[in-house]
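S.K.: For reference, this is target-v1.csv, and it has CSV, C-alpha atoms.
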```csv
chain,number,residue,atom,x,y,z
E,132,MET,CA,0.0,0.0,0.0
E,133,ASN,CA,1.3,3.5,-0.9
E,134,TYR,CA,0.9,5.6,2.3
E,135,ASN,CA,2.3,8.7,0.7
E,136,GLN,CA,0.3,9.2,-2.4
E,137,GLN,CA,-3.3,8.4,-1.8
E,138,THR,CA,-5.7,8.4,-4.8
E,139,PRO,CA,-9.4,9.1,-4.8
E,140,PRO,CA,-11.6,6.1,-4.2
E,141,PRO,CA,-13.6,4.6,-7.2
E,142,TYR,CA,-16.8,6.4,-6.1
E,143,TYR,CA,-15.1,9.8,-6.5
E,144,ASN,CA,-17.6,12.3,-7.9
E,145,GLY,CA,-16.0,15.6,-6.9
E,146,GLY,CA,-18.6,16.1,-4.2
E,147,ASP,CA,-19.1,15.3,-0.5
E,148,ASN,CA,-17.7,11.8,-0.8
E,149,TYR,CA,-14.3,13.1,-2.0
E,150,ASN,CA,-14.3,15.9,0.6
E,151,SER,CA,-14.9,13.4,3.3
E,152,TYR,CA,-12.1,11.2,1.9
E,153,ARG,CA,-9.7,14.2,1.9
E,154,ALA,CA,-10.5,15.1,5.4
E,155,SER,CA,-10.0,11.5,6.6
E,156,SER,CA,-6.6,11.3,4.7
E,157,TYR,CA,-5.5,14.6,6.3
E,158,GLN,CA,-6.4,13.3,9.8
E,159,VAL,CA,-4.4,10.1,9.2
E,160,ASP,CA,-1.4,12.1,8.0
E,161,GLN,CA,-1.6,14.4,11.0
E,162,THR,CA,-1.9,11.4,13.4
E,163,THR,CA,1.1,9.7,11.8
E,164,SER,CA,3.2,12.9,11.9
E,165,ALA,CA,2.4,13.4,15.6
E,166,VAL,CA,3.5,9.8,16.4
E,167,MET,CA,6.7,10.2,14.5
E,168,LYS,CA,7.5,13.4,16.3
E,169,GLN,CA,7.2,11.6,19.6
E,170,VAL,CA,9.5,8.8,18.3
E,171,TYR,CA,12.2,11.2,17.2
E,172,PHE,CA,11.9,13.3,20.3
E,173,LYS,CA,12.3,10.3,22.6
E,174,MET,CA,15.2,9.0,20.5
E,175,PHE,CA,16.9,12.4,20.7
E,176,LEU,CA,16.6,12.5,24.5
E,177,GLY,CA,18.0,8.9,24.7
E,178,LEU,CA,21.0,9.9,22.6
E,179,LEU,CA,21.5,12.9,24.9
E,180,VAL,CA,21.4,10.7,28.0
E,181,THR,CA,24.0,8.3,26.5
E,182,ALA,CA,26.3,11.1,25.3
E,183,PHE,CA,26.3,13.0,28.7
E,184,ILE,CA,26.9,9.9,30.7
E,185,SER,CA,29.6,8.7,28.4
E,186,LEU,CA,31.4,12.0,28.6
E,187,PHE,CA,31.1,12.2,32.3
E,188,CYS,CA,32.4,8.7,32.9
E,189,ALA,CA,35.3,9.2,30.4
E,190,SER,CA,36.4,12.2,32.4
E,191,SER,CA,36.6,10.1,35.6
E,192,MET,CA,39.9,8.2,35.8
E,193,ALA,CA,38.5,6.2,38.7
E,194,TYR,CA,35.6,4.9,36.6
E,195,MET,CA,37.9,4.1,33.6
E,196,ASN,CA,40.4,2.3,35.8
E,197,PHE,CA,37.7,0.3,37.5
E,198,MET,CA,36.2,-0.6,34.1
E,199,ALA,CA,39.7,-1.6,32.7
E,200,THR,CA,40.6,-3.8,35.7
E,201,ASN,CA,37.2,-5.5,36.1
E,202,SER,CA,36.1,-7.1,32.9
E,203,TRP,CA,33.0,-8.6,34.6
E,204,PHE,CA,31.6,-5.1,34.9
E,205,TYR,CA,31.6,-4.5,31.2
E,206,TRP,CA,29.9,-7.9,30.7
E,207,GLY,CA,27.4,-7.0,33.4
E,208,LEU,CA,26.5,-3.8,31.5
E,209,PHE,CA,26.1,-5.9,28.3
E,210,ILE,CA,23.8,-8.3,30.0
E,211,ALA,CA,21.8,-5.5,31.5
E,212,GLU,CA,21.3,-4.0,28.1
E,213,ILE,CA,20.0,-7.3,26.7
E,214,VAL,CA,17.6,-7.7,29.6
E,215,LEU,CA,16.2,-4.2,29.2
E,216,VAL,CA,15.7,-4.6,25.5
E,217,ILE,CA,14.0,-8.0,25.9
E,218,SER,CA,11.8,-6.5,28.7
E,219,LEU,CA,10.7,-3.6,26.5
E,220,SER,CA,10.1,-5.8,23.5
E,221,ALA,CA,8.3,-8.7,25.1
E,222,ARG,CA,6.3,-6.9,27.8
E,223,LEU,CA,5.6,-3.6,26.1
E,224,THR,CA,1.8,-3.9,26.1
E,225,LYS,CA,1.7,-5.2,29.7
E,226,MET,CA,3.4,-2.1,31.2
E,227,SER,CA,2.4,1.5,31.3
E,228,SER,CA,3.7,4.0,28.8
E,229,ALA,CA,5.6,5.8,31.6
E,230,THR,CA,7.3,2.5,32.7
E,231,ALA,CA,8.3,1.7,29.1
E,232,THR,CA,9.8,5.2,28.7
E,233,LEU,CA,11.7,4.9,31.9
E,234,LEU,CA,13.2,1.5,30.8
E,235,PHE,CA,14.2,3.1,27.5
E,236,TYR,CA,16.1,5.9,29.2
E,237,ALA,CA,17.6,3.3,31.7
E,238,PHE,CA,18.9,1.4,28.6
E,239,ALA,CA,20.3,4.7,27.2
E,240,ALA,CA,22.1,5.4,30.5
E,241,VAL,CA,23.5,1.9,30.7
E,242,ASN,CA,24.7,2.2,27.1
E,243,GLY,CA,26.4,5.4,28.1
E,244,LEU,CA,28.3,3.7,30.8
E,245,ALA,CA,29.4,1.0,28.3
E,246,LEU,CA,30.5,3.4,25.6
E,247,ALA,CA,32.6,5.7,27.8
E,248,PRO,CA,35.9,4.1,26.6
E,249,ILE,CA,35.5,5.3,23.0
E,250,PHE,CA,36.5,8.8,24.3
E,251,LEU,CA,39.9,7.4,25.4
E,252,VAL,CA,40.4,5.3,22.3
E,253,TYR,CA,39.5,7.8,19.6
E,254,THR,CA,40.3,11.5,19.3
E,255,SER,CA,37.6,14.0,20.1
E,256,THR,CA,37.9,15.4,16.6
E,257,SER,CA,37.3,12.1,14.9
E,258,ILE,CA,34.4,11.3,17.2
E,259,ALA,CA,32.7,14.7,16.4
E,260,LYS,CA,33.4,14.2,12.6
E,261,THR,CA,31.9,10.7,12.7
E,262,PHE,CA,28.9,11.9,14.7
E,263,PHE,CA,28.1,14.5,12.0
E,264,ILE,CA,28.6,11.9,9.2
E,265,CYS,CA,26.3,9.5,11.1
E,266,SER,CA,23.7,12.1,11.7
E,267,GLY,CA,23.5,13.1,8.1
E,268,THR,CA,23.4,9.5,6.9
E,269,PHE,CA,20.8,8.5,9.4
E,270,GLY,CA,18.6,11.5,8.7
E,271,ALA,CA,18.7,10.9,4.9
E,272,MET,CA,17.8,7.3,5.3
E,273,SER,CA,15.0,7.9,7.8
E,274,VAL,CA,13.5,10.6,5.5
E,275,TYR,CA,13.7,8.1,2.7
E,276,GLY,CA,12.0,5.4,4.8
E,277,TYR,CA,9.2,7.8,5.8
E,278,PHE,CA,8.4,9.2,2.3
E,279,THR,CA,9.2,6.4,-0.1
E,280,SER,CA,6.2,4.6,-1.7
E,281,LYS,CA,8.3,1.4,-2.1
E,282,ASP,CA,7.6,-1.5,0.2
E,283,LEU,CA,10.8,-2.2,2.2
E,284,THR,CA,9.6,-5.4,3.7
E,285,LYS,CA,12.0,-7.5,1.6
E,286,TRP,CA,14.8,-5.2,2.8
E,287,GLY,CA,13.9,-6.1,6.4
E,288,ASN,CA,14.0,-9.8,5.8
E,289,PHE,CA,17.4,-9.6,4.1
E,290,LEU,CA,18.9,-7.2,6.6
E,291,PHE,CA,17.7,-9.4,9.5
E,292,TYR,CA,19.7,-12.4,8.2
E,293,ALA,CA,22.6,-10.2,7.3
E,294,LEU,CA,22.7,-8.9,10.9
E,295,ILE,CA,22.8,-12.4,12.2
E,296,GLY,CA,25.8,-13.1,9.8
E,297,LEU,CA,27.4,-9.9,11.1
E,298,ILE,CA,27.1,-11.0,14.7
E,299,ILE,CA,28.6,-14.5,13.9
E,300,ALA,CA,31.5,-12.9,12.0
E,301,SER,CA,32.2,-10.5,14.8
E,302,VAL,CA,32.3,-13.4,17.3
E,303,VAL,CA,34.7,-15.4,15.0
E,304,ASN,CA,36.9,-12.3,14.7
E,305,ILE,CA,37.3,-12.1,18.5
E,306,PHE,CA,39.4,-15.2,18.2
E,307,THR,CA,41.0,-14.8,14.7
E,308,LYS,CA,41.8,-11.1,15.2
E,309,SER,CA,41.9,-10.6,11.4
E,310,SER,CA,42.3,-6.9,10.4
E,311,THR,CA,40.9,-7.7,6.9
E,312,LEU,CA,37.8,-9.4,8.4
E,313,ASP,CA,37.5,-6.5,10.9
E,314,TRP,CA,37.4,-4.0,8.0
E,315,ILE,CA,34.8,-6.1,6.1
E,316,ILE,CA,32.6,-6.4,9.3
E,317,SER,CA,32.8,-2.6,9.8
E,318,PHE,CA,31.8,-1.9,6.2
E,319,ALA,CA,29.0,-4.4,6.2
E,320,GLY,CA,27.8,-3.0,9.6
E,321,VAL,CA,27.5,0.4,8.0
E,322,LEU,CA,25.5,-0.9,5.1
E,323,ILE,CA,23.2,-3.0,7.3
E,324,PHE,CA,22.3,-0.2,9.7
E,325,ILE,CA,21.8,2.3,6.9
E,326,GLY,CA,19.2,-0.1,5.5
E,327,LEU,CA,17.7,-0.9,8.9
E,328,THR,CA,17.2,2.9,9.5
E,329,ALA,CA,15.0,3.2,6.4
E,330,TRP,CA,13.1,-0.1,7.1
E,331,ASP,CA,12.5,0.7,10.8
E,332,THR,CA,11.2,4.2,9.9
E,333,GLN,CA,8.7,2.8,7.4
E,334,LYS,CA,7.7,0.1,9.8
E,335,ILE,CA,7.0,2.6,12.6
E,336,LYS,CA,5.0,4.8,10.2
E,337,GLN,CA,2.9,1.9,9.1
E,338,MET,CA,2.2,0.8,12.7
E,339,ALA,CA,1.2,4.4,13.6
E,340,LEU,CA,-1.6,4.1,11.1
E,341,THR,CA,-3.3,1.2,13.0
E,342,THR,CA,-2.2,1.6,16.6
E,343,PRO,CA,-5.0,2.6,19.0
E,344,ALA,CA,-4.7,6.0,20.7
E,345,SER,CA,-4.1,4.3,24.1
E,346,TYR,CA,-0.9,2.7,22.8
E,347,VAL,CA,0.6,5.6,20.9
E,348,GLY,CA,3.0,6.2,23.9
E,349,HIS,CA,4.1,2.6,23.8
E,350,LEU,CA,4.7,2.7,20.0
E,351,ALA,CA,6.7,6.0,20.4
E,352,THR,CA,9.0,4.3,22.9
E,353,ILE,CA,9.6,1.1,21.0
E,354,GLY,CA,10.1,3.1,17.8
E,355,ALA,CA,12.6,5.4,19.6
E,356,LEU,CA,14.4,2.3,20.8
E,357,ASN,CA,14.7,0.8,17.3
E,358,LEU,CA,15.9,4.0,15.7
E,359,TYR,CA,18.2,4.7,18.7
E,360,LEU,CA,19.9,1.3,18.2
E,361,ASP,CA,20.2,1.9,14.4
E,362,PHE,CA,21.9,5.3,15.1
E,363,ILE,CA,24.3,4.0,17.8
E,364,ASN,CA,25.4,1.0,15.8
E,365,LEU,CA,25.8,3.0,12.6
E,366,PHE,CA,27.9,5.5,14.6
E,367,LEU,CA,30.1,2.8,16.1
E,368,TYR,CA,30.7,1.1,12.7
E,369,LEU,CA,31.5,4.4,11.0
E,370,LEU,CA,33.9,5.2,13.9
E,371,ARG,CA,35.7,1.9,13.3
E,372,LEU,CA,36.2,3.0,9.6
E,373,PHE,CA,36.9,6.7,10.0
E,374,GLY,CA,37.9,7.3,13.6
E,375,ASN,CA,41.5,8.3,14.4
E,376,GLN,CA,42.9,6.5,17.5
E,377,ARG,CA,44.8,8.4,20.1
E,378,ASP,CA,48.6,7.9,20.2
```
Would you put the structure from the file into structure tokens?
M.R.:
Amino acid sequence: MNYNQQTPPPYYNGGDNYNSYRASSYQVDQTTSAVMKQVYFKMFLGLLVTAFISLFCASSMAYMNFMATNSWFYWGLFIAEIVLVISLSARLTKMSSATATLLFYAFAAVNGLALAPIFLVYTSTSIAKTFFICSGTFGAMSVYGYFTSKDLTKWGNFLFYALIGLIIASVVNIFTKSSTLDWIISFAGVLIFIGLTAWDTQKIKQMALTTPASYVGHLATIGALNLYLDFINLFLYLLRLFGNQRD
């Protein structure tokens, strides 16, 4: 179904029927736009939470030393992130909108704790440069996903399996430590999350058309989480390609 270019129904006669149709279409567009604004706003706040916590922790040598000497802490953060994502995805409709939003920001905070070391590994200039590249790329693909009339469902199926392959390759490279495979993984990760950004945006837009008003807050939260993950992963893979490490 083309959600962007709606044509008059077969009974169009230029009269009241068509005026009613246009009014209905306008209302649907307004509702979808309002939902998407909530999604982007929550995602933006989540990114701010992650950025500020990462910067704060990176400036604390006590925290960085603790993280460097206690590998269990990093794995604890990783497990906590998985638990939060699963809780949000599996129990979204069983919790209040406020609880779902709180869990999303908790996830963003935990992710900020885990990402703090990048400020010690990469130069501030390269991090800032990569952030702007990521923002422009993410924005362009999200706009494409929102406005395109092309059904991106096939993209989603392909990208899902590609993501599984990417995870497997990353695990293998932990042991092989191949610089060539690392470059391939980074390049593939960029392409995969560029595609996922467009697909997730279209999927959220389509869900906004059928979601009851009582669950709009829930949709905004899970939509923000999906796009947040797309942005963060795209940023990290771009950083692996373009980031300059400190001496």
S.K.: Please measure the separation of CA of Leu251 (chain E) and CA of Arg377 (chain E), giving the value in Å to one decimal.
M.R.: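 Result for CA of Leu251 (chain E) versus CA of Arg377 (chain E): 7.3 Å, one decimal.
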S.K.: Go through E:Leu358, E:Leu322, E:Leu186, E:Leu208 and flag the residue nearest Leu290 (chain E), using all atoms listed in the file for the distances.
M.R.: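 Selected residue with least distance to Leu290 (chain E): E:Leu322.
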S.K.: Between E:Thr352, E:Ser257, E:Asn242, E:Ser228, which residue has the minimum interatomic distance to Thr181 (chain E), considering only C-alpha atoms?
M.R.: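 Nearest to Thr181 (chain E): E:Asn242.
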S.K.: Tell me which of E:Leu215, E:Ala329, E:Val303, E:Leu246 sits closest to Thr268 (chain E), counting only C-alpha atoms.
M.R.: E:Ala329
S.K.: Tell me which of E:Phe373, E:Phe278, E:Phe183, E:Trp203 sits closest to Thr332 (chain E), counting all atoms listed in the file.
M.R.: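 Counting all atoms listed in the file, the residue closest to Thr332 (chain E) is E:Phe278.
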S.K.: Could you check how far CA of Lys225 (chain E) sits from CA of Trp330 (chain E), in Å to one decimal?
M.R.: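 Pair CA of Lys225 (chain E) / CA of Trp330 (chain E) returns 25.8 Å.
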S.K.: Rounded to one decimal in Å, what is the spacing between CA of Ala165 (chain E) and CA of Phe291 (chain E)?
M.R.: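 Value for the CA of Ala165 (chain E)-CA of Phe291 (chain E) distance: 28.1 Å.
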